[in-house]
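upload-v4.txt (compact mmCIF, C-alpha atoms and all ligand atoms) appears below.
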# COMPACT_ATOMS: atom_id res chain seq x y z
CA MET P 105 -19.55 57.93 -83.16
CA LYS P 106 -21.03 60.78 -81.33
CA PHE P 107 -24.28 58.87 -81.24
CA ILE P 108 -22.51 55.71 -79.96
CA THR P 109 -20.64 57.74 -77.37
CA CYS P 110 -23.96 59.33 -76.40
CA SER P 111 -25.63 56.00 -75.93
CA ARG P 112 -22.66 54.70 -73.86
CA THR P 113 -22.69 57.89 -71.80
CA PHE P 114 -26.46 57.56 -71.45
CA LYS P 115 -26.09 53.96 -70.22
CA LEU P 116 -23.33 55.03 -67.82
CA LEU P 117 -25.46 57.85 -66.44
CA THR P 118 -28.43 55.51 -66.11
CA VAL P 119 -26.37 52.96 -64.17
CA LEU P 120 -24.99 55.76 -62.02
CA ALA P 121 -28.47 57.15 -61.32
CA LEU P 122 -29.85 53.72 -60.49
CA SER P 123 -27.00 52.92 -58.13
CA MET P 124 -27.38 56.32 -56.45
CA THR P 125 -31.09 55.66 -55.98
CA PHE P 126 -30.31 52.26 -54.52
CA LEU P 127 -27.71 53.72 -52.18
CA VAL P 128 -30.01 56.50 -50.98
CA GLY P 129 -32.72 53.91 -50.45
CA GLN P 130 -30.36 51.83 -48.31
CA VAL P 131 -29.38 54.85 -46.23
CA GLN P 132 -33.03 55.82 -45.74
CA LEU P 133 -33.86 52.25 -44.85
CA ALA P 134 -30.98 52.13 -42.41
CA SER P 135 -31.88 55.45 -40.86
CA ALA P 136 -35.50 54.38 -40.70
CA LYS P 137 -34.26 51.22 -39.01
CA GLU P 138 -32.13 53.39 -36.71
CA ASN P 139 -35.24 55.44 -36.01
CA THR P 140 -37.16 52.46 -34.72
CA PHE P 141 -35.78 51.43 -31.35
CA ALA P 142 -36.69 47.76 -31.02
CA PHE P 143 -37.76 46.88 -27.50
CA GLU P 144 -39.80 44.22 -25.75
CA LYS P 145 -43.02 45.65 -24.34
CA LEU P 146 -42.83 46.03 -20.57
CA ASN P 147 -45.59 46.32 -17.98
CA ASN P 148 -44.98 46.44 -14.22
CA GLY P 149 -48.68 45.99 -13.36
CA LEU P 150 -48.57 49.00 -11.02
CA ALA P 151 -50.58 52.25 -10.64
CA LYS P 152 -53.94 50.73 -11.61
CA THR P 153 -55.38 54.12 -10.66
CA PRO P 154 -53.58 57.46 -11.18
CA PRO P 155 -50.91 58.02 -8.48
CA MET P 156 -51.96 60.53 -5.83
CA GLY P 157 -49.64 62.30 -3.44
CA TRP P 158 -47.29 65.22 -2.90
CA SER P 159 -44.17 66.29 -4.78
CA SER P 160 -41.55 68.72 -3.51
CA TRP P 161 -40.67 70.67 -6.66
CA ASN P 162 -43.44 73.20 -7.19
CA GLN P 163 -43.23 74.78 -3.74
CA PHE P 164 -39.68 74.07 -2.58
CA GLY P 165 -37.51 73.41 -5.63
CA VAL P 166 -34.18 71.92 -4.46
CA GLU P 167 -34.58 73.28 -0.89
CA ILE P 168 -35.72 69.98 0.57
CA ASN P 169 -34.59 68.02 3.62
CA GLU P 170 -35.48 65.19 5.98
CA GLN P 171 -37.48 67.37 8.35
CA LEU P 172 -39.69 68.71 5.54
CA ILE P 173 -40.45 65.19 4.33
CA ILE P 174 -41.18 63.83 7.82
CA GLU P 175 -43.46 66.78 8.63
CA THR P 176 -45.21 66.47 5.26
CA ILE P 177 -45.90 62.77 5.84
CA ASP P 178 -47.20 63.45 9.36
CA VAL P 179 -49.48 66.30 8.26
CA MET P 180 -50.95 64.29 5.36
CA VAL P 181 -51.89 61.57 7.84
CA GLU P 182 -53.35 64.04 10.34
CA ASN P 183 -55.31 66.25 7.90
CA GLY P 184 -56.97 63.35 6.06
CA MET P 185 -55.06 63.64 2.78
CA ARG P 186 -53.63 60.11 3.10
CA ASP P 187 -57.09 58.69 3.70
CA ALA P 188 -58.38 60.66 0.71
CA GLY P 189 -55.84 58.74 -1.44
CA TYR P 190 -52.68 60.89 -1.32
CA ILE P 191 -50.17 58.19 -0.45
CA TYR P 192 -47.02 59.16 -2.39
CA VAL P 193 -44.54 61.68 -0.96
CA ASN P 194 -42.07 62.30 -3.75
CA LEU P 195 -38.60 63.84 -3.50
CA ASP P 196 -38.07 65.76 -6.73
CA ASP P 197 -34.66 67.10 -7.88
CA GLY P 198 -32.24 68.22 -5.19
CA TRP P 199 -31.89 65.20 -2.87
CA GLN P 200 -28.60 64.18 -4.49
CA GLN P 201 -25.14 64.62 -2.94
CA ASP P 202 -23.24 65.58 -6.08
CA LYS P 203 -23.74 68.51 -8.43
CA GLY P 204 -22.35 68.36 -11.94
CA LYS P 205 -21.76 65.48 -14.31
CA ARG P 206 -22.08 61.93 -13.03
CA THR P 207 -18.77 60.28 -12.25
CA ASN P 208 -18.24 56.57 -11.65
CA LYS P 209 -19.17 57.13 -8.00
CA PRO P 210 -22.53 55.68 -6.98
CA LEU P 211 -25.34 58.21 -6.83
CA ASP P 212 -25.70 59.30 -3.22
CA TYR P 213 -27.96 61.45 -1.09
CA ASP P 214 -26.99 64.79 0.49
CA LYS P 215 -25.85 63.88 4.00
CA GLU P 216 -26.65 67.31 5.44
CA LYS P 217 -30.15 67.43 3.96
CA PHE P 218 -30.92 63.81 4.76
CA PRO P 219 -28.73 62.77 7.74
CA ARG P 220 -30.56 59.46 8.24
CA GLY P 221 -30.65 58.64 4.53
CA ILE P 222 -33.38 57.79 2.03
CA LYS P 223 -34.20 54.32 3.36
CA TYR P 224 -35.01 55.89 6.72
CA LEU P 225 -37.60 58.07 4.95
CA SER P 226 -39.13 55.20 2.96
CA GLU P 227 -39.45 53.13 6.15
CA TYR P 228 -40.99 56.12 7.93
CA ALA P 229 -43.48 56.57 5.09
CA HIS P 230 -44.36 52.88 5.04
CA LYS P 231 -44.98 52.86 8.81
CA LYS P 232 -47.50 55.66 8.23
CA GLY P 233 -49.24 53.86 5.36
CA MET P 234 -47.58 56.10 2.78
CA LYS P 235 -45.05 55.59 -0.02
CA LEU P 236 -41.84 57.45 -0.96
CA GLY P 237 -40.83 58.65 -4.41
CA ILE P 238 -37.44 59.75 -5.72
CA TYR P 239 -36.11 61.56 -8.79
CA SER P 240 -33.37 61.19 -11.37
CA GLY P 241 -32.83 61.65 -15.08
CA PRO P 242 -31.15 60.04 -18.12
CA GLY P 243 -28.58 62.78 -18.61
CA GLU P 244 -25.10 63.18 -17.12
CA THR P 245 -26.82 65.79 -14.96
CA THR P 246 -30.43 66.24 -13.85
CA CYS P 247 -32.47 69.29 -14.82
CA ALA P 248 -31.30 71.19 -11.73
CA GLY P 249 -27.68 70.19 -12.37
CA TYR P 250 -27.21 67.24 -10.00
CA ALA P 251 -25.49 64.01 -11.04
CA GLY P 252 -27.75 62.08 -13.42
CA SER P 253 -28.17 58.38 -14.16
CA GLN P 254 -26.78 58.26 -17.68
CA GLY P 255 -24.72 55.09 -18.10
CA HIS P 256 -25.61 53.93 -14.57
CA GLU P 257 -29.25 53.04 -15.07
CA LYS P 258 -29.17 49.51 -13.63
CA GLN P 259 -26.86 50.54 -10.77
CA ASP P 260 -29.23 53.36 -9.83
CA ALA P 261 -32.40 51.31 -10.29
CA ASP P 262 -31.03 48.67 -7.91
CA MET P 263 -29.94 51.34 -5.45
CA PHE P 264 -33.40 52.98 -5.44
CA ALA P 265 -34.85 49.53 -4.85
CA SER P 266 -32.41 48.94 -1.97
CA TRP P 267 -33.68 52.20 -0.45
CA ASP P 268 -37.18 50.70 -0.71
CA VAL P 269 -38.58 53.63 -2.68
CA ASP P 270 -41.92 53.16 -4.44
CA HIS P 271 -41.89 55.73 -7.27
CA LEU P 272 -39.27 57.18 -9.64
CA LYS P 273 -39.72 60.39 -11.59
CA TYR P 274 -37.22 59.93 -14.43
CA ASP P 275 -36.93 63.29 -16.08
CA ALA P 276 -35.47 63.96 -19.54
CA CYS P 277 -35.69 67.70 -18.83
CA CYS P 278 -37.52 68.36 -22.05
CA SER P 279 -34.10 68.07 -23.63
CA HIS P 280 -35.15 65.89 -26.50
CA GLU P 281 -37.42 68.23 -28.40
CA LYS P 282 -35.29 67.66 -31.50
CA SER P 283 -34.63 63.99 -30.75
CA SER P 284 -36.19 61.16 -32.64
CA LYS P 285 -38.85 59.02 -31.04
CA SER P 286 -36.45 56.08 -30.97
CA GLU P 287 -33.78 58.05 -29.08
CA VAL P 288 -36.26 59.04 -26.37
CA GLN P 289 -37.68 55.50 -26.21
CA GLU P 290 -34.18 54.12 -25.66
CA VAL P 291 -33.45 56.70 -22.96
CA PHE P 292 -36.45 55.65 -20.90
CA TYR P 293 -36.20 51.95 -21.67
CA LYS P 294 -32.66 51.86 -20.26
CA MET P 295 -34.14 52.69 -16.86
CA SER P 296 -37.53 50.94 -17.08
CA LYS P 297 -35.96 47.55 -17.91
CA PRO P 298 -33.71 47.31 -14.80
CA LEU P 299 -36.53 48.72 -12.67
CA ILE P 300 -38.89 45.98 -13.84
CA ASP P 301 -36.16 43.32 -13.55
CA ASN P 302 -35.73 44.26 -9.88
CA PRO P 303 -38.23 42.52 -7.56
CA LYS P 304 -39.07 45.81 -5.78
CA ASP P 305 -42.23 47.46 -7.20
CA ILE P 306 -41.37 50.98 -8.35
CA VAL P 307 -43.89 53.14 -10.25
CA LEU P 308 -42.19 54.89 -13.19
CA HIS P 309 -42.99 58.46 -14.29
CA ALA P 310 -41.34 58.91 -17.71
CA CYS P 311 -41.13 62.67 -17.41
CA HIS P 312 -40.79 64.31 -20.78
CA CYS P 313 -42.58 67.34 -22.15
CA GLY P 314 -45.11 65.69 -24.33
CA TRP P 315 -42.71 65.64 -27.25
CA THR P 316 -42.13 62.69 -29.63
CA ASP P 317 -45.79 61.73 -29.02
CA ILE P 318 -44.72 60.04 -25.79
CA TRP P 319 -48.32 59.06 -25.00
CA GLU P 320 -48.24 56.67 -27.97
CA TRP P 321 -45.43 54.50 -26.61
CA ALA P 322 -44.57 55.29 -22.97
CA GLY P 323 -46.88 52.57 -21.66
CA ASP P 324 -45.14 50.01 -23.88
CA ILE P 325 -41.71 50.85 -22.48
CA GLY P 326 -43.01 50.22 -18.97
CA ALA P 327 -43.93 53.72 -17.77
CA ASN P 328 -46.98 54.29 -15.57
CA HIS P 329 -47.42 57.97 -16.33
CA TRP P 330 -45.92 60.62 -18.62
CA ARG P 331 -46.30 64.39 -18.89
CA VAL P 332 -48.41 65.54 -21.86
CA GLY P 333 -46.89 69.02 -21.92
CA GLN P 334 -44.19 71.39 -20.76
CA ASP P 335 -43.98 72.57 -17.14
CA ILE P 336 -47.11 74.10 -15.69
CA SER P 337 -47.02 77.69 -14.47
CA ASP P 338 -48.93 78.93 -11.45
CA ASP P 339 -51.60 80.50 -13.70
CA PHE P 340 -55.12 79.50 -14.67
CA ASP P 341 -55.24 81.30 -18.03
CA PHE P 342 -52.21 83.46 -18.88
CA PRO P 343 -52.52 85.25 -22.28
CA GLU P 344 -49.43 83.65 -23.82
CA ASN P 345 -46.90 81.14 -22.47
CA ARG P 346 -44.70 82.60 -19.75
CA GLU P 347 -41.07 82.71 -20.97
CA GLY P 348 -42.45 81.30 -24.23
CA TYR P 349 -42.49 77.89 -22.56
CA TYR P 350 -44.78 77.32 -19.58
CA PHE P 351 -48.31 75.98 -19.90
CA ASP P 352 -51.08 77.39 -17.74
CA VAL P 353 -54.04 75.26 -16.63
CA LEU P 354 -56.10 75.81 -19.80
CA ASP P 355 -53.05 75.24 -22.04
CA MET P 356 -52.45 71.89 -20.34
CA LEU P 357 -56.14 70.98 -20.63
CA ASP P 358 -56.12 71.76 -24.35
CA ARG P 359 -52.85 69.88 -24.90
CA GLY P 360 -54.05 66.66 -23.27
CA GLU P 361 -57.83 66.52 -23.49
CA GLY P 362 -57.78 64.78 -26.87
CA LEU P 363 -55.41 62.06 -25.67
CA ASP P 364 -58.11 60.09 -23.86
CA GLY P 365 -57.39 57.04 -26.01
CA TYR P 366 -53.98 56.52 -24.39
CA ASN P 367 -55.13 56.37 -20.75
CA MET P 368 -55.78 52.97 -19.21
CA PRO P 369 -55.29 51.35 -15.80
CA GLY P 370 -51.53 51.44 -15.16
CA GLN P 371 -50.83 53.98 -17.91
CA TRP P 372 -51.77 57.66 -17.43
CA ASN P 373 -51.49 60.94 -19.28
CA ASP P 374 -49.97 63.29 -16.72
CA PHE P 375 -51.09 66.94 -16.84
CA ASP P 376 -48.27 67.89 -14.42
CA MET P 377 -48.27 68.48 -10.68
CA LEU P 378 -51.14 70.41 -9.11
CA ILE P 379 -50.65 74.14 -8.48
CA VAL P 380 -53.54 74.24 -5.97
CA GLY P 381 -52.64 76.55 -3.08
CA LEU P 382 -49.31 77.87 -4.42
CA ASN P 383 -50.73 81.41 -4.57
CA GLY P 384 -47.76 82.69 -6.55
CA LYS P 385 -45.32 81.67 -3.78
CA SER P 386 -43.59 78.83 -5.59
CA LYS P 387 -39.79 78.69 -5.35
CA GLU P 388 -39.58 77.20 -8.81
CA LEU P 389 -42.69 77.82 -10.88
CA VAL P 390 -43.33 81.10 -12.63
CA GLY P 391 -46.86 82.43 -12.36
CA ALA P 392 -48.94 84.93 -10.45
CA GLY P 393 -51.12 82.37 -8.71
CA ALA P 394 -54.81 81.70 -9.25
CA SER P 395 -58.06 82.34 -7.37
CA ASN P 396 -59.69 79.79 -5.08
CA ILE P 397 -62.30 79.06 -7.75
CA GLU P 398 -59.61 78.61 -10.40
CA TYR P 399 -57.55 76.26 -8.23
CA ARG P 400 -60.71 74.27 -7.50
CA THR P 401 -61.53 74.10 -11.22
CA HIS P 402 -57.95 72.99 -11.96
CA PHE P 403 -58.30 70.20 -9.37
CA SER P 404 -61.69 69.19 -10.81
CA LEU P 405 -60.30 69.03 -14.36
CA TRP P 406 -57.21 66.99 -13.41
CA SER P 407 -59.52 64.64 -11.50
CA ILE P 408 -61.94 63.99 -14.37
CA LEU P 409 -59.03 63.77 -16.86
CA SER P 410 -57.63 60.92 -14.69
CA SER P 411 -54.28 62.66 -14.39
CA PRO P 412 -52.04 61.73 -11.48
CA LEU P 413 -52.91 64.08 -8.59
CA LEU P 414 -49.58 65.19 -7.11
CA THR P 415 -50.10 68.28 -5.03
CA GLY P 416 -47.13 70.63 -4.88
CA THR P 417 -47.98 73.11 -2.19
CA ASP P 418 -46.76 73.21 1.43
CA VAL P 419 -49.37 70.96 3.04
CA ARG P 420 -48.21 72.06 6.49
CA ASN P 421 -49.94 75.42 5.98
CA LEU P 422 -53.14 74.62 4.11
CA ASP P 423 -56.14 76.90 4.60
CA ALA P 424 -59.53 75.20 5.06
CA TYR P 425 -60.73 76.00 1.53
CA THR P 426 -57.63 74.50 -0.11
CA LEU P 427 -57.81 71.38 2.07
CA GLU P 428 -61.48 71.01 1.17
CA THR P 429 -60.57 71.33 -2.52
CA LEU P 430 -57.87 68.66 -2.30
CA THR P 431 -59.92 66.18 -0.26
CA ASN P 432 -63.31 66.22 -2.01
CA LYS P 433 -63.78 62.45 -2.13
CA GLU P 434 -66.63 62.63 -4.66
CA VAL P 435 -64.43 64.45 -7.16
CA ILE P 436 -61.47 62.18 -6.35
CA ALA P 437 -63.75 59.21 -7.07
CA LEU P 438 -63.91 60.41 -10.69
CA ASN P 439 -60.10 60.21 -10.79
CA GLN P 440 -59.73 56.86 -9.05
CA ASP P 441 -62.48 54.99 -10.89
CA PRO P 442 -61.21 51.48 -11.77
CA LEU P 443 -62.38 51.73 -15.39
CA GLY P 444 -59.52 54.21 -15.90
CA LYS P 445 -61.13 56.36 -18.58
CA GLN P 446 -59.99 59.93 -19.29
CA ALA P 447 -62.78 62.47 -19.75
CA LYS P 448 -63.35 63.65 -23.29
CA THR P 449 -64.77 66.89 -24.65
CA ILE P 450 -68.46 66.54 -25.58
CA LYS P 451 -69.14 70.23 -26.22
CA LYS P 452 -66.88 73.24 -26.77
CA VAL P 453 -68.68 76.35 -27.93
CA GLY P 454 -67.32 79.82 -27.17
CA ASN P 455 -66.33 79.83 -23.50
CA ILE P 456 -68.38 76.74 -22.74
CA HIS P 457 -66.39 73.51 -22.45
CA ILE P 458 -68.06 70.30 -21.28
CA LEU P 459 -66.14 67.09 -20.60
CA ALA P 460 -67.61 63.70 -19.74
CA LYS P 461 -66.10 60.56 -18.31
CA GLU P 462 -67.67 57.08 -18.33
CA MET P 463 -67.50 55.38 -14.93
CA SER P 464 -67.20 51.71 -14.02
CA ASP P 465 -70.69 51.63 -12.41
CA GLY P 466 -72.34 52.92 -15.61
CA SER P 467 -72.71 56.48 -14.32
CA TRP P 468 -70.98 59.48 -15.91
CA GLY P 469 -68.78 62.24 -14.51
CA ILE P 470 -69.37 65.61 -16.12
CA ALA P 471 -67.42 68.87 -15.93
CA MET P 472 -69.26 72.02 -17.07
CA LEU P 473 -66.39 74.52 -17.48
CA ASN P 474 -66.76 78.26 -18.10
CA ARG P 475 -63.48 79.38 -19.69
CA GLY P 476 -64.61 82.99 -20.00
CA SER P 477 -64.82 86.04 -17.81
CA GLU P 478 -68.64 86.34 -17.77
CA THR P 479 -71.18 84.05 -16.14
CA GLU P 480 -72.58 81.43 -18.53
CA VAL P 481 -75.67 79.21 -18.43
CA ILE P 482 -74.43 75.77 -19.46
CA SER P 483 -76.68 72.84 -20.30
CA VAL P 484 -76.02 69.20 -21.12
CA ASN P 485 -78.52 67.26 -23.21
CA TRP P 486 -78.21 63.56 -22.45
CA ILE P 487 -79.07 62.35 -25.95
CA GLU P 488 -77.58 65.12 -28.10
CA ASP P 489 -74.36 65.57 -26.10
CA LEU P 490 -73.84 62.17 -24.55
CA GLY P 491 -75.87 59.86 -26.76
CA LEU P 492 -77.50 58.54 -23.61
CA LYS P 493 -81.06 57.29 -23.78
CA SER P 494 -82.62 56.78 -20.39
CA ASP P 495 -86.03 57.67 -19.07
CA LYS P 496 -84.69 58.22 -15.58
CA VAL P 497 -81.56 60.34 -15.04
CA SER P 498 -80.58 61.59 -11.60
CA VAL P 499 -77.93 64.27 -11.09
CA ARG P 500 -75.63 64.97 -8.12
CA ASP P 501 -73.55 68.16 -7.77
CA LEU P 502 -70.14 67.11 -6.43
CA TRP P 503 -69.09 70.46 -4.94
CA LYS P 504 -72.49 71.10 -3.35
CA HIS P 505 -72.49 67.44 -2.21
CA LYS P 506 -76.16 67.50 -3.10
CA ASP P 507 -78.58 65.35 -5.12
CA MET P 508 -80.15 67.82 -7.53
CA GLY P 509 -83.02 65.55 -8.54
CA GLU P 510 -84.13 63.81 -11.74
CA PHE P 511 -83.63 65.42 -15.17
CA PRO P 512 -85.02 63.19 -17.96
CA LYS P 513 -83.69 65.24 -20.89
CA SER P 514 -80.99 67.67 -19.83
CA TYR P 515 -79.40 69.58 -16.97
CA GLU P 516 -78.66 73.29 -16.86
CA ALA P 517 -76.53 75.31 -14.46
CA GLU P 518 -75.32 78.87 -14.06
CA VAL P 519 -71.52 78.73 -14.10
CA ILE P 520 -69.45 81.74 -13.05
CA SER P 521 -66.17 82.74 -14.68
CA HIS P 522 -63.50 79.99 -14.52
CA GLN P 523 -65.79 77.72 -12.51
CA ALA P 524 -66.36 74.05 -13.29
CA VAL P 525 -69.64 72.58 -12.09
CA MET P 526 -68.91 68.92 -11.41
CA LEU P 527 -71.69 66.36 -11.75
CA ARG P 528 -72.22 62.63 -11.29
CA VAL P 529 -75.05 61.48 -13.56
CA TYR P 530 -76.81 58.20 -12.81
CA LEU P 531 -78.91 56.47 -15.45
CA ASN P 532 -81.55 54.37 -13.75
C1 LIG P 601 -38.02 69.77 -14.93
C2 LIG P 601 -39.39 69.15 -14.61
C3 LIG P 601 -39.90 69.69 -13.29
C4 LIG P 601 -38.88 69.38 -12.19
C5 LIG P 601 -37.49 69.92 -12.61
C6 LIG P 601 -36.44 69.49 -11.61
O1 LIG P 601 -37.57 69.25 -16.14
O2 LIG P 601 -40.29 69.48 -15.67
O3 LIG P 601 -41.15 69.09 -12.97
O4 LIG P 601 -38.82 67.98 -11.98
O5 LIG P 601 -37.11 69.43 -13.88
O6 LIG P 601 -35.20 69.97 -11.97
Could you take the file, read its structure, and then write that structure out as structure tokens?
Amino acid sequence: MKFITCSRTFKLLTVLALSMTFLVGQVQLASAKENTFAFEKLNNGLAKTPPMGWSSWNQFGVEINEQLIIETIDVMVENGMRDAGYIYVNLDDGWQQDKGKRTNKPLDYDKEKFPRGIKYLSEYAHKKGMKLGIYSGPGETTCAGYAGSQGHEKQDADMFASWDVDHLKYDACCSHEKSSKSEVQEVFYKMSKPLIDNPKDIVLHACHCGWTDIWEWAGDIGANHWRVGQDISDDFDFPENREGYYFDVLDMLDRGEGLDGYNMPGQWNDFDMLIVGLNGKSKELVGAGASNIEYRTHFSLWSILSSPLLTGTDVRNLDAYTLETLTNKEVIALNQDPLGKQAKTIKKVGNIHILAKEMSDGSWGIAMLNRGSETEVISVNWIEDLGLKSDKVSVRDLWKHKDMGEFPKSYEAEVISHQAVMLRVYLN
């Protein structure tokens, strides 16, 4: 009897175990299904080269107004920045009328800050051969606490289009560190779809903090660029991360330099806005500022990495050195090359870090970076480091603006602390 009971109990337990396994499997399957947000791939065909321009956040935070934007546009025309490629002037957080959670009211602009409205500014920018960007986010509030676009994505997309803006920074405030990839995909898709459905061309910056491997999928949901990391601090190489969060220039380089496979025309890894010229005077960014050499190296690295180049300093008060840094057309040419490659590391030994970028004309851009505090002699061997076989190799130094001559096997340079020697190498 006992035996029979045992066998019946055994059968019962077996059935129970099997059904539990089946149930768990179904739940996992369902949750896996839930975890894959199904969307049609979108592509707006914009930003075939990394966007270049100015953004208000790093220097001014939310203290922005019509006069600042008008003066910034005028100065960028006068000082040659527009003609060097800086055509976007982007309002970051703080243009909005309403603080606090979004209500059913349409999103509106602050009438005191912008008495003639946003469309006036976009028309002003367009008359000057420039473009205007704006900012929002997928939450009920934006990162600085203004009304967000959650639940009003199409309404806001159409309103931005009616204001004739050309760029939207859509910022998830790094709030989704614990979110699943599918949640973050859905958040951005809800805005990218109505943007693309609207006839007005609007470049989309899916601003996240490099979490949920955004570089793998942001291009597919219709974004043109996406941050690879957390906010940048106004530091070149700070020992840790300020406030346990901010990335300095070398942190951002190390976070994104291996993501070269995700860059392509129209889709860009974004290493965050430039800190060139902030000199520790940012209203929003933490950081002690960097030296002229370090800011120039930071600009050189962002250029060869094909990051968007959005300067964040007050362009109305640029010193000559900073303006020269920002408008070096030979270095900018590395960034704006139509092939759209991101430089990759070809050597990293001790404090020596060399990156190389293939160009559309068959030449190569090379950055010879000294990450350390002592001067280094850095050399690049064309075959060993680049796999390039050519009996005639000519080298141009892009900060000296000088042809250095022909170097059949390799090129060597003395590089001071935190300097990046920038080269264009032509194989003849
Ligand atoms: C942060 C973002 C900054 C700036 C700020 C505005 O999330 O990383 O670049 O846009 O929001 O509140």
For the interface of chain P with ligand LIG 601 (chain P) (cut-off 7 Å, counting only C-alpha atoms and all ligand atoms), please tabulate each contacting residue of chain P alongside its nearest pair of atoms and their separation in Å to one decimal, rows sorted by chain and increasing number, as JSON lines.
{"residue": "P:Trp161", "atom": "CA", "partner": "P:LIG601", "partner_atom": "C4", "distance": 6.0}
{"residue": "P:Asp196", "atom": "CA", "partner": "P:LIG601", "partner_atom": "O4", "distance": 5.7}
{"residue": "P:Asp197", "atom": "CA", "partner": "P:LIG601", "partner_atom": "C6", "distance": 4.8}
{"residue": "P:Thr246", "atom": "CA", "partner": "P:LIG601", "partner_atom": "O6", "distance": 6.3}
{"residue": "P:Cys247", "atom": "CA", "partner": "P:LIG601", "partner_atom": "O6", "distance": 4.0}
{"residue": "P:Ala248", "atom": "CA", "partner": "P:LIG601", "partner_atom": "O6", "distance": 4.1}
{"residue": "P:Asp275", "atom": "CA", "partner": "P:LIG601", "partner_atom": "O1", "distance": 6.0}
{"residue": "P:Ala276", "atom": "CA", "partner": "P:LIG601", "partner_atom": "O1", "distance": 6.6}
{"residue": "P:Cys277", "atom": "CA", "partner": "P:LIG601", "partner_atom": "O1", "distance": 3.6}
{"residue": "P:Cys278", "atom": "CA", "partner": "P:LIG601", "partner_atom": "O1", "distance": 6.0}
{"residue": "P:Gln334", "atom": "CA", "partner": "P:LIG601", "partner_atom": "O2", "distance": 6.7}
{"residue": "P:Asp335", "atom": "CA", "partner": "P:LIG601", "partner_atom": "O2", "distance": 5.0}
- Message: For a quick check of understanding, using all atoms listed in the file, which of P:Ile222, P:Val307, P:Leu389, P:Leu443 has the smallest distance to Trp267 (chain P)?
- Response: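 The shortest atom-to-atom distance to Trp267 (chain P) comes from P:Ile222.
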Would you write out, as CSV, a table of all residues in region 144-206 of chain P that have an atom no more than 10 Å from an atom of region 395-410 of chain P, listing for each the closest atom pair and the distance in Å to one decimal, considering all atoms listed in the file and ordering rows by chain and rising residue number?
residue,atom,partner,partner_atom,distance
P:Thr153,CA,P:Ser410,CA,8.2
P:Pro154,CA,P:Ser410,CA,6.4
P:Pro155,CA,P:Ser410,CA,9.6
- Query: Taking all atoms listed in the file into account, which of P:Pro442, P:Gly393, P:Pro298, P:Gly348 comes nearest Glu257 (chain P)?
  - Reply: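 The answer is P:Pro298, which sits nearest to Glu257 (chain P).
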- Counting only C-alpha atoms, figure out which residue out of P:Ala188, P:Val288, P:Ala265, P:Leu413 gets nearest to Asn302 (chain P). P:Ala265
- Could you check how far CA of Arg186 (chain P) sits from CA of Leu427 (chain P), in Å to one decimal? 12.1 Å
- Query: Using all atoms listed in the file, which of the listed residues (P:Gly391, P:Gly323, P:Gly370, P:Glu167) sits closest to Glu347 (chain P)?
  - Reply: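 For Glu347 (chain P), the nearest of the candidates is P:Gly391.
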- Message: List as a ChimeraX atom specification the residues having at least one atom at most 7 Å from position (-42.8, 54.7, -10.9) as given in the file, counting only C-alpha atoms.
- Response: /P:270-273,306-309,328
Please produce a file of the residues just selected, as a PDB file, in the coordinates of the input, where the atoms kept are C-alpha atoms.
ATOM      1  CA  ASP P 270     -41.920  53.160  -4.440  1.00  0.00           C
ATOM      2  CA  HIS P 271     -41.890  55.730  -7.270  1.00  0.00           C
ATOM      3  CA  LEU P 272     -39.270  57.180  -9.640  1.00  0.00           C
ATOM      4  CA  LYS P 273     -39.720  60.390 -11.590  1.00  0.00           C
ATOM      5  CA  ILE P 306     -41.370  50.980  -8.350  1.00  0.00           C
ATOM      6  CA  VAL P 307     -43.890  53.140 -10.250  1.00  0.00           C
ATOM      7  CA  LEU P 308     -42.190  54.890 -13.190  1.00  0.00           C
ATOM      8  CA  HIS P 309     -42.990  58.460 -14.290  1.00  0.00           C
ATOM      9  CA  ASN P 328     -46.980  54.290 -15.570  1.00  0.00           C
TER      10      ASN P 328
END
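Residue nearest Ala327 (chain P), chosen from P:Gly509, P:Gly149, P:Gly365, P:Pro210 and counting all atoms listed in the file: P:Gly149.
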- Message: I need the residue nearest Ile173 (chain P) from this list: P:Leu150, P:Asp202, P:Ala437, P:Tyr228. Use all atoms listed in the file for the distance.
- Response: P:Tyr228
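By chain and then residue number, the residues within 10 Å of Asp341 (chain P) are Phe351, Asp352, Val353, Leu354, Asp355, Ala394, Glu398, Arg475, Gly476 and His522 of chain P, counting only C-alpha atoms and disregarding those fewer than 6 positions away in sequence.
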- Message: I'd like the interatomic distance between CA of Ser159 (chain P) and CA of Glu182 (chain P), to a tenth of an Å.
- Response: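 Computing it gives 17.8 Å between the two atoms.
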